[in-house]
Structure formats: structure tokens, C-alpha cells
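Asker: If you scroll down you'll find the structure; I have some questions about it.
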Amino acid sequence: MPTFRRPPKQTVAGFSLVELAIVLLVVTLMISSLLYTLSAQTEQRNFEDTRRRLEQARELVLAYAIVNGRLPCPARSTSAGAEVRNAAGECKDAANVEDYYGGALAGGAVGGFLPAVTIGFPTVDAAGFALDAWQNRIRYAVAKTVTNCSGAFTNPHFVNATNLKGNGMSCQPNDLLICKSTAVTPAISAASCGGTPAGSNQIMSQSLVAAIIFSTGKNTTTTGGTGADEAANLNGGGNADPIFVFHTPAPSGATGGEFDDQFTWITVGELYGKLIAAGVLP
């Protein structure tokens, strides 16, 4: 009887189309997950780096005040990162255009930039302006008017060493105001955070903030930061609107629009305390 042998088992040298599709899907998911993780890490790093830069700017502004007996004026888009201040100690240019709160100015310039060259801020662009981690120019506003002084006083107070010392430490700022949102009734104005009851929409009152330093965030280079809350931070008109808005980050569909501005500020008590400790005041 002849014997029959079972042929040896054959192996397939490659993948079937189904197997290949599964492998590609798995690899794609892994790469997507990795890219998402890297992107999230990058954004978190940029956020933290910007926060550090704002705090560094804040310390340099205070150091400048200790050395010079006053806060610096804001820089403008035409000033190469230096403060714009006239011989009388006011935040005015040669054409008498004021800038304390930033935004569009007469003559086409833009104001309200951190005076990086004046205070010695290290991270600047080719034109001398301080940058956040997204390469946007860091903004700055300073109080112009004061109230509750013990006697006669002269404005501007905080950017003029003679006035600051002569007016005395009883003077409190009377303009810069930080609100929670623009979506309130009554609406925010150049003098109030609006909302009901009065004061419910404000974070810092007008008697506390001597200067504000802030970043316009990542969306300045993507969507342009066109939400109502962010727009309120760039419409100062030089000396017209001292009202700013700050809250936790919000997506584009949120009330008040997308928001990713980062803030820090200097209170009048802290400024006076630093100047007293350094022997600048009283």
C-alpha cells in the first residue's frame, strides 16, 4: 500500500489586507496620542513660561520704581521698547498724546506696551519689545489719577517721582479697574464694571491697582483674540478706558468669547511698601 504524507504547513510571508489595516490603525492612534500629548505639554510649558515672564516683568517694574522713585510710563509701537514720557513727567509724547491705558492712539500708533528697554527686561524682539512665550508683545497699563489724598495733590501721581512723594501715601489710584466679565447688565463702562449688585463684577477696585502687566495669550497669533472680554483689554484709547477684564481661560463658544489673557498687577499698598522699605518714601 502506498503511503501518503501530509504536505508541510505553509506560512504566509506577509500580512493580509485586514491585518495590515489593523496595524496601521493602531500605529495611527499611537502617533495621534503622542502628538496630542506633546502638543498639550508644549502649551502648558508656554503658559508657565509666560507666567514667569510676567512675574519677572512685575519685579523689574518694582525695581525700577525703587531706583527712580516712580513707575515707568508705557512704551508705544513707535518707541522701540522704551517708555514715552515728556519733560514734565507725564506719559505724553512730543505731540501731547497721552498713553496710560494702551490701545490705539492718535496718529496711528499703539500704546500700552511694557517698557522693556527702560526696565531692562531681557526677552525682547528685534524692535526692543518684551515678548511672551507665543512671541506676542507684553502689555502694560499704569494708573494716572488718584483720590483720597490728605491734602492738595497733582496728577499724574505714580509716574512722577516729585508728585508721588509730594502728594503723600494717603493717595489711592482712581482709574484702573479689573472686572470679571463684559457679559453683565448694566454693561461695563469706562468708569464701572457694571453688573448687579454694584461691585459684584469686579476683581480689583479702582482704589487698589497701580499698574497692570498682561499677555494677550496664544490666540493673538491664531484667532486674533476677538472675544469681547479680550477686546476690553486693548481698547484703552491711551487715556479713555482704564477698565480691564480677567478670568480663567475660556473656549471660543463661551460667553464673552475665547479668553486666554494672563494678568499680574501691582497694588498701591505693595508699591508704597517697597518704596518705604527702600527709603524712597516718605
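Residues are named by chain letter and number: chains run A, B, ... in the order of the C-alpha cells, numbers start at 1 in each chain, and ligands are numbered from 1 in the order shown.
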Excluding region 126-140 of chain A and residues on its chain fewer than 6 positions from it, collect all residues at most 6 Å away from it, counting only C-alpha atoms, and give them as a list of chain:residue names.
Answerer: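 Close residues of region 126-140 of chain A: A:Asn46, A:Thr50, A:Ala80, A:Gly81, A:Gly112, A:Phe113, A:Leu114, A:Ala116, A:Ile212, A:Ile213, A:Phe214, A:Ser215, A:Lys218.
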Asker: Write the residues of the selection above to a file with N, CA and C atoms, as a PDB file, in the first residue's frame.
Answerer:
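Contents of result-v2.pdb, as written:
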ATOM      1  N   ASN A  46       4.399  76.717  27.518  1.00  0.00           N
ATOM      2  CA  ASN A  46       4.277  78.114  27.093  1.00  0.00           C
ATOM      3  C   ASN A  46       3.500  78.940  28.106  1.00  0.00           C
ATOM      4  N   THR A  50       5.174  81.985  30.103  1.00  0.00           N
ATOM      5  CA  THR A  50       4.596  83.329  30.054  1.00  0.00           C
ATOM      6  C   THR A  50       4.317  83.852  31.446  1.00  0.00           C
ATOM      7  N   ALA A  80      10.351 101.787  20.251  1.00  0.00           N
ATOM      8  CA  ALA A  80      11.425 100.786  20.334  1.00  0.00           C
ATOM      9  C   ALA A  80      11.590 100.219  21.741  1.00  0.00           C
ATOM     10  N   GLY A  81      10.486  99.989  22.423  1.00  0.00           N
ATOM     11  CA  GLY A  81      10.529  99.348  23.732  1.00  0.00           C
ATOM     12  C   GLY A  81      10.843 100.253  24.896  1.00  0.00           C
ATOM     13  N   GLY A 112       0.490 101.178  25.325  1.00  0.00           N
ATOM     14  CA  GLY A 112       0.255 100.174  26.348  1.00  0.00           C
ATOM     15  C   GLY A 112       1.165  98.975  26.293  1.00  0.00           C
ATOM     16  N   PHE A 113       2.418  99.146  25.860  1.00  0.00           N
ATOM     17  CA  PHE A 113       3.370  98.042  25.861  1.00  0.00           C
ATOM     18  C   PHE A 113       4.302  98.152  27.064  1.00  0.00           C
ATOM     19  N   LEU A 114       4.766  97.008  27.553  1.00  0.00           N
ATOM     20  CA  LEU A 114       5.735  97.012  28.639  1.00  0.00           C
ATOM     21  C   LEU A 114       6.997  97.742  28.168  1.00  0.00           C
ATOM     22  N   ALA A 116      10.173  97.573  28.022  1.00  0.00           N
ATOM     23  CA  ALA A 116      11.210  96.579  28.294  1.00  0.00           C
ATOM     24  C   ALA A 116      12.604  97.184  28.354  1.00  0.00           C
ATOM     25  N   ILE A 212      -0.821  97.357  35.727  1.00  0.00           N
ATOM     26  CA  ILE A 212      -1.221  96.039  35.231  1.00  0.00           C
ATOM     27  C   ILE A 212      -0.231  95.595  34.159  1.00  0.00           C
ATOM     28  N   ILE A 213       0.174  94.334  34.217  1.00  0.00           N
ATOM     29  CA  ILE A 213       1.052  93.747  33.201  1.00  0.00           C
ATOM     30  C   ILE A 213       0.359  92.493  32.698  1.00  0.00           C
ATOM     31  N   PHE A 214       0.225  92.335  31.378  1.00  0.00           N
ATOM     32  CA  PHE A 214      -0.511  91.173  30.900  1.00  0.00           C
ATOM     33  C   PHE A 214      -0.059  90.697  29.527  1.00  0.00           C
ATOM     34  N   SER A 215      -0.358  89.429  29.273  1.00  0.00           N
ATOM     35  CA  SER A 215      -0.115  88.791  27.978  1.00  0.00           C
ATOM     36  C   SER A 215      -1.451  88.568  27.287  1.00  0.00           C
ATOM     37  N   LYS A 218      -2.038  82.885  23.530  1.00  0.00           N
ATOM     38  CA  LYS A 218      -1.801  82.193  22.265  1.00  0.00           C
ATOM     39  C   LYS A 218      -2.746  82.656  21.164  1.00  0.00           C
TER      40      LYS A 218
END
Asker: Excluding same-chain residues fewer than 3 positions from region 261-264 of chain A, what lies within 9 Å of it counting only C-alpha atoms, as an NGL selection string?
Answerer: :A and (47 or 50-51 or 54-55 or 58 or 211-219 or 225 or 230 or 233 or 246-249)
Asker: For each of A:Ala250, A:Ala82, A:Ala161, A:Ala210, take the minimum atom-to-atom distance to Tyr101 (chain A), counting only C-alpha atoms, then give the residue where this is smallest.
Answerer: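 Checking each of A:Ala250, A:Ala82, A:Ala161, A:Ala210 against Tyr101 (chain A), counting only C-alpha atoms, the winner is A:Ala210.
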Asker: Hey, what does DSSP flag as strand (DSSP E) within region 117-267 of chain A? Can you give it to me as a PyMOL selection string?
Answerer: chain A and resi 139-142+146-147+172-173+177-179+202-204+209-215+243-245+262-267
Asker: Please list as a PyMOL selection string every residue within 7 Å of region 168-182 of chain A, counting only C-alpha atoms and excluding residues in the same chain fewer than 4 positions away.
Answerer: chain A and resi 143+145-150+164+187-188+193+201-210+228-229+242-247+256+268+272
Asker: Mind listing the helix (DSSP H, G or I) residues of region 179-246 of chain A, per DSSP on the backbone, as a list in words?
Answerer: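 Filtering region 179-246 of chain A to helix (DSSP H, G or I) leaves Lys218, Asn219, Thr220, Ala228, Asp229, Glu230 and Ala231 of chain A.
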Asker: How would the residues just picked look written out with N, CA and C atoms as a compact mmCIF listing (two decimals), in the first residue's frame?
Answerer:
# COMPACT_ATOMS: atom_id res chain seq x y z
N LYS A 218 -2.04 82.89 23.53
CA LYS A 218 -1.80 82.19 22.26
C LYS A 218 -2.75 82.66 21.16
N ASN A 219 -4.01 82.91 21.50
CA ASN A 219 -4.98 83.18 20.44
C ASN A 219 -4.74 84.51 19.72
N THR A 220 -3.83 85.32 20.21
CA THR A 220 -3.47 86.53 19.48
C THR A 220 -2.85 86.19 18.12
N ALA A 228 -15.17 89.52 23.26
CA ALA A 228 -15.49 90.79 23.93
C ALA A 228 -14.64 91.01 25.17
N ASP A 229 -14.38 89.94 25.93
CA ASP A 229 -13.60 90.10 27.16
C ASP A 229 -12.16 90.50 26.85
N GLU A 230 -11.57 89.87 25.84
CA GLU A 230 -10.20 90.21 25.48
C GLU A 230 -10.12 91.58 24.82
N ALA A 231 -11.13 91.92 24.04
CA ALA A 231 -11.14 93.22 23.38
C ALA A 231 -11.15 94.36 24.40
Asker: Show which residues sit within 7 Å of Gly195 (chain A), as a list in words. Count only C-alpha atoms, and ignore same-chain residues fewer than 3 positions away.
Answerer: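 That gives Val184, Thr185, Pro186, Ala187, Ala198, Ser200 and Asn201 of chain A.
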Asker: How about saving the chosen residues, C-alpha atoms kept, as a short mmCIF file (atom, residue, chain, number, x, y, z; two decimals), in the first residue's frame?
Answerer:
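Result saved to again_32.cif:
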data_model
loop_
_atom_site.label_atom_id
_atom_site.label_comp_id
_atom_site.auth_asym_id
_atom_site.auth_seq_id
_atom_site.Cartn_x
_atom_site.Cartn_y
_atom_site.Cartn_z
CA VAL A 184 -23.21 91.87 32.53
CA THR A 185 -26.16 94.21 32.94
CA PRO A 186 -25.69 97.14 33.36
CA ALA A 187 -22.74 96.87 30.95
CA ALA A 198 -22.76 97.12 42.34
CA SER A 200 -20.24 92.10 42.04
CA ASN A 201 -18.41 92.04 38.69
#
Asker: What is the distance between CA of Ser79 (chain A) and CA of Ala191 (chain A), in Å to one decimal?
Answerer: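 Interatomic distance here is 28.8 Å.
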Asker: In terms of the shortest atom-to-atom distance over only C-alpha atoms, which of A:Val23, A:Val84, A:Leu62, A:Ala232 is closest to Asn96 (chain A)?
Answerer: A:Val84
Asker: Using only C-alpha atoms, which protein or nucleic acid residues come within 10 Å of Gly120 (chain A)? Drop anything in the same chain fewer than 2 positions from it, and give the result as a PyMOL selection string.
Answerer: chain A and resi 57+60-61+64+81-82+115-118+122-124+130
Asker: Since we have the selection now, will you write its residues out, keeping N, CA and C atoms, as a compact mmCIF listing (two decimals), in the first residue's frame?
Answerer:
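Wrote out.txt, looks like this:
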# COMPACT_ATOMS: atom_id res chain seq x y z
N ALA A 57 8.67 90.59 34.78
CA ALA A 57 8.39 91.98 34.40
C ALA A 57 7.88 92.77 35.60
N LEU A 60 10.74 93.67 37.83
CA LEU A 60 11.58 94.70 37.23
C LEU A 60 10.91 96.07 37.29
N VAL A 61 9.59 96.11 37.14
CA VAL A 61 8.87 97.38 37.27
C VAL A 61 9.00 97.91 38.69
N TYR A 64 12.49 99.17 39.21
CA TYR A 64 12.63 100.48 38.57
C TYR A 64 12.04 101.57 39.46
N GLY A 81 10.49 99.99 22.42
CA GLY A 81 10.53 99.35 23.73
C GLY A 81 10.84 100.25 24.90
N ALA A 82 10.96 101.55 24.68
CA ALA A 82 11.25 102.50 25.75
C ALA A 82 9.98 103.21 26.18
N PRO A 115 7.49 98.71 28.93
CA PRO A 115 8.71 99.43 28.53
C PRO A 115 9.96 98.59 28.83
N ALA A 116 10.17 97.57 28.02
CA ALA A 116 11.21 96.58 28.29
C ALA A 116 12.60 97.18 28.35
N VAL A 117 12.91 98.07 27.42
CA VAL A 117 14.23 98.70 27.39
C VAL A 117 14.44 99.55 28.63
N THR A 118 13.42 100.25 29.05
CA THR A 118 13.51 101.14 30.21
C THR A 118 13.75 100.36 31.50
N PRO A 122 14.82 91.18 29.76
CA PRO A 122 15.80 90.52 28.89
C PRO A 122 15.25 89.90 27.60
N THR A 123 14.00 89.46 27.59
CA THR A 123 13.47 88.73 26.43
C THR A 123 12.68 89.68 25.54
N VAL A 124 13.32 90.14 24.48
CA VAL A 124 12.70 91.14 23.61
C VAL A 124 12.82 90.72 22.14
N ALA A 130 9.16 93.57 24.88
CA ALA A 130 9.10 92.34 25.67
C ALA A 130 8.11 91.37 25.04
Asker: Provide the CA of Thr196 (chain A) to CA of Thr255 (chain A) distance in Å, to one decimal place.
Answerer: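 CA of Thr196 (chain A) sits 17.3 Å away from CA of Thr255 (chain A).
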